[in-house]
Every structure is written in structure tokens, then in C-alpha cells.
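Listing of work_37.pdb, PDB, C-alpha atoms
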```pdb
MODEL        1
ATOM      1  CA  MET A   1     112.241-190.728-154.347
ATOM      2  CA  GLN A   2     114.789-193.338-153.216
ATOM      3  CA  LEU A   3     117.094-194.794-155.872
ATOM      4  CA  LYS A   4     119.959-197.303-155.835
ATOM      5  CA  VAL A   5     123.383-196.096-156.951
ATOM      6  CA  LYS A   6     125.020-197.743-159.950
ATOM      7  CA  THR A   7     128.511-196.833-161.147
ATOM      8  CA  VAL A   8     128.520-196.533-164.933
ATOM      9  CA  ASN A   9     132.267-196.048-165.562
ATOM     10  CA  LEU A  10     131.639-192.967-167.687
ATOM     11  CA  SER A  11     133.214-189.520-167.500
ATOM     12  CA  SER A  12     131.663-186.242-168.695
ATOM     13  CA  GLY A  13     134.973-184.389-168.639
ATOM     14  CA  GLY A  14     133.632-181.909-166.108
ATOM     15  CA  PRO A  15     129.840-181.448-165.749
ATOM     16  CA  LEU A  16     128.108-183.445-163.010
ATOM     17  CA  ILE A  17     125.857-185.961-164.775
ATOM     18  CA  VAL A  18     123.661-188.867-163.661
ATOM     19  CA  ILE A  19     121.490-191.324-165.602
ATOM     20  CA  LEU A  20     117.853-192.025-164.794
ATOM     21  CA  ASN A  21     115.568-194.682-166.188
ATOM     22  CA  LYS A  22     112.800-193.207-168.350
ATOM     23  CA  GLU A  23     110.078-194.312-165.916
ATOM     24  CA  ASP A  24     111.831-192.767-162.897
ATOM     25  CA  ALA A  25     112.374-189.539-164.847
ATOM     26  CA  THR A  26     108.658-189.450-165.681
ATOM     27  CA  LYS A  27     107.702-189.952-162.023
ATOM     28  CA  LEU A  28     109.974-187.064-161.019
ATOM     29  CA  ASP A  29     108.751-185.014-164.005
ATOM     30  CA  VAL A  30     112.295-184.249-165.140
ATOM     31  CA  HIS A  31     113.784-184.274-168.624
ATOM     32  CA  ALA A  32     117.279-184.493-170.052
ATOM     33  CA  LEU A  33     119.528-181.659-168.704
ATOM     34  CA  ASP A  34     117.110-180.853-165.851
ATOM     35  CA  ARG A  35     118.629-180.710-162.355
ATOM     36  CA  ILE A  36     118.065-183.010-159.412
ATOM     37  CA  LEU A  37     119.359-182.925-155.833
ATOM     38  CA  LEU A  38     120.981-186.076-154.422
ATOM     39  CA  LYS A  39     121.105-186.594-150.652
ATOM     40  CA  LYS A  40     122.753-189.205-148.462
ATOM     41  CA  GLY A  41     123.241-188.443-144.781
ATOM     42  CA  LYS A  42     124.714-184.941-144.561
ATOM     43  CA  GLN A  43     125.907-185.051-148.170
ATOM     44  CA  GLU A  44     124.105-183.112-150.912
ATOM     45  CA  ILE A  45     124.972-182.541-154.552
ATOM     46  CA  ILE A  46     123.158-180.971-157.520
ATOM     47  CA  VAL A  47     123.526-182.830-160.825
ATOM     48  CA  ALA A  48     122.177-182.747-164.373
ATOM     49  CA  VAL A  49     120.090-185.599-165.753
ATOM     50  CA  ASP A  50     120.555-187.897-168.727
ATOM     51  CA  VAL A  51     117.597-190.200-169.465
ATOM     52  CA  ALA A  52     118.033-193.836-170.533
ATOM     53  CA  ARG A  53     115.203-194.731-172.905
ATOM     54  CA  ASN A  54     115.965-198.432-173.298
ATOM     55  CA  ARG A  55     115.733-201.360-170.887
ATOM     56  CA  SER A  56     119.480-201.618-170.351
ATOM     57  CA  PHE A  57     119.202-199.269-167.350
ATOM     58  CA  LYS A  58     116.680-200.624-164.876
ATOM     59  CA  GLU A  59     113.989-198.677-163.054
ATOM     60  CA  GLY A  60     114.897-197.822-159.459
ATOM     61  CA  ASN A  61     118.579-197.230-160.238
ATOM     62  CA  ILE A  62     120.574-194.049-160.727
ATOM     63  CA  GLY A  63     123.823-194.100-162.680
ATOM     64  CA  LEU A  64     126.578-191.812-161.423
ATOM     65  CA  PHE A  65     129.306-190.493-163.731
ATOM     66  CA  ASP A  66     132.899-190.507-162.405
ATOM     67  CA  GLU A  67     132.856-186.760-161.601
ATOM     68  CA  VAL A  68     129.824-187.209-159.330
ATOM     69  CA  LEU A  69     131.393-190.188-157.558
ATOM     70  CA  GLN A  70     134.526-188.165-156.810
ATOM     71  CA  LEU A  71     132.509-185.476-154.996
ATOM     72  CA  PHE A  72     129.573-187.500-153.640
ATOM     73  CA  LYS A  73     131.068-190.269-151.520
ATOM     74  CA  VAL A  74     128.787-193.224-152.189
ATOM     75  CA  LYS A  75     129.308-196.835-153.261
ATOM     76  CA  ASN A  76     127.600-199.177-155.687
ATOM     77  CA  ASN A  77     124.105-200.195-154.437
ATOM     78  CA  ASP A  78     123.946-197.384-151.842
ATOM     79  CA  VAL A  79     120.479-195.815-151.635
ATOM     80  CA  VAL A  80     120.208-192.052-152.171
ATOM     81  CA  SER A  81     117.331-189.599-151.891
ATOM     82  CA  VAL A  82     116.439-187.730-155.105
ATOM     83  CA  GLU A  83     114.569-184.412-155.325
ATOM     84  CA  VAL A  84     113.842-182.034-158.188
ATOM     85  CA  GLU A  85     116.105-178.966-158.138
ATOM     86  CA  GLN A  86     115.555-175.527-159.681
ATOM     87  CA  LYS A  87     117.773-174.326-162.516
ATOM     88  CA  PRO A  88     120.794-172.245-161.429
ATOM     89  CA  LEU A  89     120.386-168.474-161.687
ATOM     90  CA  SER A  90     123.383-168.329-164.007
ATOM     91  CA  LEU A  91     121.222-169.806-166.797
ATOM     92  CA  TYR A  92     119.022-166.700-166.683
ATOM     93  CA  TYR A  93     122.155-164.533-166.886
ATOM     94  CA  ILE A  94     123.327-166.523-169.919
ATOM     95  CA  LYS A  95     119.941-165.999-171.597
ATOM     96  CA  LYS A  96     120.235-162.283-170.859
ATOM     97  CA  LYS A  97     123.552-162.217-172.741
ATOM     98  CA  LEU A  98     122.121-164.213-175.648
ATOM     99  CA  ASP A  99     119.331-161.630-175.856
ATOM    100  CA  GLY A 100     121.908-158.829-176.149
ATOM    101  CA  GLY A 101     121.843-157.630-172.547
ATOM    102  CA  ILE A 102     124.805-156.261-170.608
ATOM    103  CA  LEU A 103     125.810-158.382-167.621
ATOM    104  CA  THR A 104     126.645-157.014-164.182
ATOM    105  CA  LYS A 105     129.701-157.975-162.125
ATOM    106  CA  HIS A 106     127.480-160.159-159.912
ATOM    107  CA  GLU A 107     125.960-161.968-162.910
ATOM    108  CA  ILE A 108     129.303-162.699-164.580
ATOM    109  CA  ASP A 109     130.745-163.905-161.276
ATOM    110  CA  GLY A 110     127.763-166.254-160.890
ATOM    111  CA  ILE A 111     128.284-167.742-164.356
ATOM    112  CA  ILE A 112     132.016-168.329-163.871
ATOM    113  CA  LYS A 113     131.464-169.782-160.398
ATOM    114  CA  ASP A 114     129.035-172.335-161.858
ATOM    115  CA  VAL A 115     131.454-173.146-164.693
ATOM    116  CA  VAL A 116     134.300-173.792-162.230
ATOM    117  CA  ASN A 117     132.058-175.895-159.968
ATOM    118  CA  ASN A 118     130.803-177.976-162.930
ATOM    119  CA  ASN A 119     127.208-176.848-162.330
ATOM    120  CA  LEU A 120     126.634-176.106-166.037
ATOM    121  CA  THR A 121     126.479-178.549-168.930
ATOM    122  CA  GLU A 122     128.658-178.176-172.012
ATOM    123  CA  ILE A 123     125.632-176.925-173.978
ATOM    124  CA  GLU A 124     124.947-174.212-171.389
ATOM    125  CA  ILE A 125     128.581-173.098-171.315
ATOM    126  CA  THR A 126     128.578-173.018-175.123
ATOM    127  CA  SER A 127     125.486-170.787-175.001
ATOM    128  CA  PHE A 128     127.381-168.295-172.845
ATOM    129  CA  VAL A 129     130.334-168.301-175.253
ATOM    130  CA  CYS A 130     127.944-167.798-178.196
ATOM    131  CA  GLY A 131     126.245-164.896-176.424
ATOM    132  CA  CYS A 132     129.611-163.205-175.871
ATOM    133  CA  TYR A 133     130.692-163.879-179.471
ATOM    134  CA  ILE A 134     127.477-162.664-181.094
ATOM    135  CA  ASN A 135     126.853-159.609-178.905
ATOM    136  CA  GLY A 136     130.377-158.800-177.765
ATOM    137  CA  LEU A 137     131.498-157.617-174.350
ATOM    138  CA  THR A 138     131.690-154.075-173.042
ATOM    139  CA  LEU A 139     134.947-152.924-171.453
ATOM    140  CA  TYR A 140     133.361-153.363-168.027
ATOM    141  CA  GLU A 141     132.108-156.876-168.870
ATOM    142  CA  SER A 142     135.608-157.846-170.026
ATOM    143  CA  ALA A 143     137.058-156.573-166.753
ATOM    144  CA  TYR A 144     134.376-158.346-164.696
ATOM    145  CA  LEU A 145     135.022-161.596-166.601
ATOM    146  CA  THR A 146     138.762-161.397-165.915
ATOM    147  CA  GLU A 147     138.172-160.659-162.232
ATOM    148  CA  ALA A 148     135.688-163.544-161.952
ATOM    149  CA  ILE A 149     138.130-166.022-163.505
ATOM    150  CA  VAL A 150     140.840-164.936-161.050
ATOM    151  CA  ALA A 151     138.503-164.977-158.031
ATOM    152  CA  ASN A 152     136.954-168.377-158.743
ATOM    153  CA  GLY A 153     139.989-170.186-160.135
ATOM    154  CA  LYS A 154     142.915-171.696-158.263
ATOM    155  CA  GLN A 155     145.875-169.366-157.739
ATOM    156  CA  LEU A 156     149.501-170.387-157.385
ATOM    157  CA  ASP A 157     151.225-169.382-154.142
ATOM    158  CA  ILE A 158     154.876-168.886-155.127
ATOM    159  CA  ASP A 159     157.375-167.190-152.826
ATOM    160  CA  ALA A 160     159.563-165.483-155.434
ATOM    161  CA  TYR A 161     160.238-162.044-156.921
ATOM    162  CA  PRO A 162     160.044-161.098-159.675
ATOM    163  CA  ILE A 163     157.659-163.610-161.252
ATOM    164  CA  LEU A 164     157.858-163.495-165.047
ATOM    165  CA  ASP A 165     155.492-164.630-167.795
ATOM    166  CA  LYS A 166     155.667-165.140-171.530
ATOM    167  CA  HIS A 167     152.856-165.413-174.075
ATOM    168  CA  SER A 168     152.953-165.298-177.847
ATOM    169  CA  ALA A 169     150.542-163.108-179.785
ATOM    170  CA  GLY A 170     149.108-166.382-181.087
ATOM    171  CA  GLY A 171     147.665-167.392-184.426
ATOM    172  CA  VAL A 172     150.855-168.783-185.986
ATOM    173  CA  PRO A 173     150.649-172.587-186.346
ATOM    174  CA  GLY A 174     154.055-174.187-185.857
ATOM    175  CA  ASN A 175     155.377-171.281-183.766
ATOM    176  CA  ARG A 176     157.213-173.031-180.938
ATOM    177  CA  THR A 177     159.168-170.248-179.239
ATOM    178  CA  THR A 178     157.566-170.707-175.819
ATOM    179  CA  PRO A 179     159.295-173.952-174.686
ATOM    180  CA  LEU A 180     162.681-172.491-175.717
ATOM    181  CA  ILE A 181     162.275-169.033-174.166
ATOM    182  CA  VAL A 182     160.765-170.304-170.910
ATOM    183  CA  SER A 183     163.598-172.829-170.507
ATOM    184  CA  ILE A 184     166.262-170.162-171.088
ATOM    185  CA  VAL A 185     164.655-167.684-168.660
ATOM    186  CA  ALA A 186     164.275-170.384-165.963
ATOM    187  CA  ALA A 187     167.878-171.536-166.469
ATOM    188  CA  ALA A 188     169.004-167.944-165.936
ATOM    189  CA  GLY A 189     167.526-168.104-162.422
ATOM    190  CA  PHE A 190     164.215-166.302-162.925
ATOM    191  CA  THR A 191     160.840-167.711-161.834
ATOM    192  CA  ILE A 192     158.535-168.167-164.841
ATOM    193  CA  PRO A 193     155.599-170.494-164.027
ATOM    194  CA  LYS A 194     154.314-170.814-167.587
ATOM    195  CA  THR A 195     150.753-172.045-168.085
ATOM    196  CA  SER A 196     149.183-172.916-171.418
ATOM    197  CA  THR A 197     145.931-173.976-173.034
ATOM    198  CA  ARG A 198     145.387-176.750-175.536
ATOM    199  CA  SER A 199     144.699-176.304-179.263
ATOM    200  CA  ILE A 200     144.305-172.547-178.920
ATOM    201  CA  THR A 201     145.784-171.485-182.283
ATOM    202  CA  SER A 202     146.250-174.822-184.034
ATOM    203  CA  VAL A 203     145.499-178.496-183.498
ATOM    204  CA  SER A 204     148.694-178.630-181.424
ATOM    205  CA  GLY A 205     149.041-175.788-178.950
ATOM    206  CA  THR A 206     152.001-175.297-176.624
ATOM    207  CA  ALA A 207     150.591-177.712-174.024
ATOM    208  CA  ASP A 208     149.977-180.390-176.686
ATOM    209  CA  THR A 209     153.514-180.026-178.045
ATOM    210  CA  VAL A 210     155.269-180.168-174.662
ATOM    211  CA  GLU A 211     153.143-183.183-173.695
ATOM    212  CA  VAL A 212     155.046-185.216-176.310
ATOM    213  CA  PHE A 213     157.981-185.432-173.885
ATOM    214  CA  ALA A 214     156.621-184.419-170.468
ATOM    215  CA  PRO A 215     153.323-184.489-168.521
ATOM    216  CA  VAL A 216     151.564-181.105-168.558
ATOM    217  CA  THR A 217     148.434-181.706-166.462
ATOM    218  CA  HIS A 218     149.136-181.268-162.751
ATOM    219  CA  THR A 219     147.415-180.290-159.517
ATOM    220  CA  LYS A 220     147.991-176.840-158.017
ATOM    221  CA  LYS A 221     150.251-178.354-155.340
ATOM    222  CA  LYS A 222     152.299-180.259-157.922
ATOM    223  CA  ILE A 223     152.750-177.134-160.080
ATOM    224  CA  GLU A 224     154.071-175.229-157.050
ATOM    225  CA  GLU A 225     156.525-178.068-156.334
ATOM    226  CA  ILE A 226     157.747-178.101-159.945
ATOM    227  CA  VAL A 227     158.220-174.315-160.016
ATOM    228  CA  LYS A 228     160.120-174.373-156.709
ATOM    229  CA  LYS A 229     162.466-177.049-158.107
ATOM    230  CA  THR A 230     162.959-175.768-161.673
ATOM    231  CA  ASN A 231     161.816-172.100-161.706
TER     232      ASN A 231
ENDMDL
END
```

Output the structure of this file as C-alpha cells.
Amino acid sequence: MQLKVKTVNLSSGGPLIVILNKEDATKLDVHALDRILLKKGKQEIIVAVDVARNRSFKEGNIGLFDEVLQLFKVKNNDVVSVEVEQKPLSLYYIKKKLDGGILTKHEIDGIIKDVVNNNLTEIEITSFVCGCYINGLTLYESAYLTEAIVANGKQLDIDAYPILDKHSAGGVPGNRTTPLIVSIVAAAGFTIPKTSTRSITSVSGTADTVEVFAPVTHTKKKIEEIVKKTN
């Protein structure tokens, strides 16, 4: 099927999402959260489907979220080819975990790779988290998960020794030792490229607190530049 691209000025926050008119979805025999393959020239991308059930989104168009536009270089009114795509294998691995199974290194790596590449929807990622929470992880699964996160994530390349780190035990709202300790250690001449997550132990985690007076979201290259300048 050939469809005309429409930019919708919407962001999913990660997952690759497009919008189809109800009639086009019926012709393709796809439903919400099914996958389709978009093609234009040598470009290909797999995305998840949202279905517009009112007349505000016309038949023959396909709405691309911002994340898709960043990866799939097309413009408004470009025509793209659309094909039905099979579900990623990682969904079967997630179901295995929900059913109480023990995942292999290959299966966990496949799940994390799809998470990093935005091939899974928020609901599917939540299902994986629920499976781990309900059924727990074996020692081997925990190790495989850690290795998969390292292998599939971006790693900082910092030419320094030693490289230090600091993390609190967590769980104490209002505990703000990290910004102070990291600053003191860096001022003493040691390299301590501190990373942090948001809202991990309270509504305002370390990243949220520091963001009050400085930007905290940077590219890998920018982080390396900051660490080289400030330790």
C-alpha cells in the first residue's frame, strides 16, 4: 500500500509510532500496536500503529511521530510504501517471563536491544518489568540483564585513571549528598562522571534536583566534553 506522509507534531517519548486511518488499517488488516514496515528508496523502518477512528485523519495518509521522522528521512506529502510486519521475537521472550519462565542470555539481550532501539511500546516494556517483578530474576538472569544493558547502551570513552563513582543506597527522600560529594571529589582532581536517573526514590531524584540550576540531559559526546573540562 502507498500512503502520503503527514507530520503530526507529536512525540511518543521513545517508541516509534505512526497513525493510520481506520479504513487503511482495515485494508492492511492491522490493529492498534501491530507493526508495519515503511519503505522509501533504500530506507526501511519498523513502526507500531495507532489507529485514528474519526474523520480528522484522512484515508490515504500516514501520520509520523517525531521519533520516526528523526530516523526515517521523509518530508510532508512524501509517498511511502507500507507493508505488514511480524511482531519482534522479544515479545515472545517477554511472554515467557510473564509465564514464569527463565530467560537465556540471548533472549534478554534481544529484549534490551529492542528497548534501546525503540522497537517496543511502553505497554510491552511494562509487561517485561511486570514479569521480572512478579516472577523475580535468577542470579544468571540478573547478570545477563546487566551485560545486555552495557552491551546495547552507549558507553563513555574517557581517557583517565582512576575513574570514580558514587551512588547512595537510595530510598531516603530529601537526601542530597550526591551533588556535594561529586563536586568535592571532582575539585580534588579526580574523574567522577556521575550519571543519575529521574524520580528513582522520590518525586525529585538527583537529576531532577540538579536540573534546577543546570541542564542534565546531554548527548554522549557532550558528556565526554563536560567530564574532560570539569572532571

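Residues with any atom within 8 Å of stretch 20-32 of chain A, counting only C-alpha atoms and excluding same-chain neighbours fewer than 4 positions away, are Met1, Ala48, Val49, Asp50, Val51, Ala52, Arg53, Asn54, Phe57, Lys58, Glu59, Gly60, Asn61, Ile62, Gly63, Glu83 and Val84 of chain A.
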
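When you apply the PyMOL selection byres ((chain A and resi 217-228) around 10) to this structure, what comes back is Lys154, Gln155, Leu156, Asp157, Ile158, Asp159, Ala160, Ala186, Thr191, Ile192, Pro193, Lys194, Thr195, Ala207, Glu211, Ala214, Pro215, Val216, Lys229, Thr230 and Asn231 of chain A.
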
C-alpha atoms of the current selection, written as a compact mmCIF listing (two decimals), in the frame of the given file:
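Full text of out_17.txt as output:
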```txt
# COMPACT_ATOMS: atom_id res chain seq x y z
CA LYS A 154 142.92 -171.70 -158.26
CA GLN A 155 145.88 -169.37 -157.74
CA LEU A 156 149.50 -170.39 -157.38
CA ASP A 157 151.22 -169.38 -154.14
CA ILE A 158 154.88 -168.89 -155.13
CA ASP A 159 157.38 -167.19 -152.83
CA ALA A 160 159.56 -165.48 -155.43
CA ALA A 186 164.28 -170.38 -165.96
CA THR A 191 160.84 -167.71 -161.83
CA ILE A 192 158.54 -168.17 -164.84
CA PRO A 193 155.60 -170.49 -164.03
CA LYS A 194 154.31 -170.81 -167.59
CA THR A 195 150.75 -172.04 -168.08
CA ALA A 207 150.59 -177.71 -174.02
CA GLU A 211 153.14 -183.18 -173.70
CA ALA A 214 156.62 -184.42 -170.47
CA PRO A 215 153.32 -184.49 -168.52
CA VAL A 216 151.56 -181.10 -168.56
CA LYS A 229 162.47 -177.05 -158.11
CA THR A 230 162.96 -175.77 -161.67
CA ASN A 231 161.82 -172.10 -161.71
```

* Excluding same-chain residues fewer than 6 positions from A:Val82, what lies within 9 Å of it counting all atoms listed in the file, as a ChimeraX atom specification? -> /A:1-3,28,36-39

* **Distance query A:Val129 at most 12 Å, all atoms listed in the file, self and fewer than 2 positions along chain excluded, as an NGL selection string** => :A and (94-95 or 97-98 or 111-112 or 115 or 122-127 or 131-137 or 145)

Applying 12 Å and only C-alpha atoms, which residues near A:Ile181 remain after dropping the ones on its own chain fewer than 4 positions away? List them as a CSV table (one decimal) with C-alpha atoms, in the frame of the given file.
```csv
chain,number,residue,atom,x,y,z
A,164,LEU,CA,157.9,-163.5,-165.0
A,165,ASP,CA,155.5,-164.6,-167.8
A,166,LYS,CA,155.7,-165.1,-171.5
A,167,HIS,CA,152.9,-165.4,-174.1
A,168,SER,CA,153.0,-165.3,-177.8
A,176,ARG,CA,157.2,-173.0,-180.9
A,177,THR,CA,159.2,-170.2,-179.2
A,185,VAL,CA,164.7,-167.7,-168.7
A,186,ALA,CA,164.3,-170.4,-166.0
A,187,ALA,CA,167.9,-171.5,-166.5
A,188,ALA,CA,169.0,-167.9,-165.9
A,190,PHE,CA,164.2,-166.3,-162.9
A,192,ILE,CA,158.5,-168.2,-164.8
A,194,LYS,CA,154.3,-170.8,-167.6
```

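Nearest-residue note for A:Leu10: choosing from A:Ala151, A:Val212, A:Leu180, A:Leu69, the minimum distance belongs to A:Leu69, counting all atoms listed in the file.
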
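In this structure, atom CA of A:Asp34 sits 8.0 Å away from atom CA of A:Glu85.
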
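As for atom CA of A:Ile163 and atom CA of A:Ser196, they are spaced 16.2 Å apart.
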
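Compared by their closest atoms to A:Lys96, and using all atoms listed in the file, the residues A:Ile149, A:Thr138, A:Phe128, A:Lys75 rank with A:Phe128 nearest.
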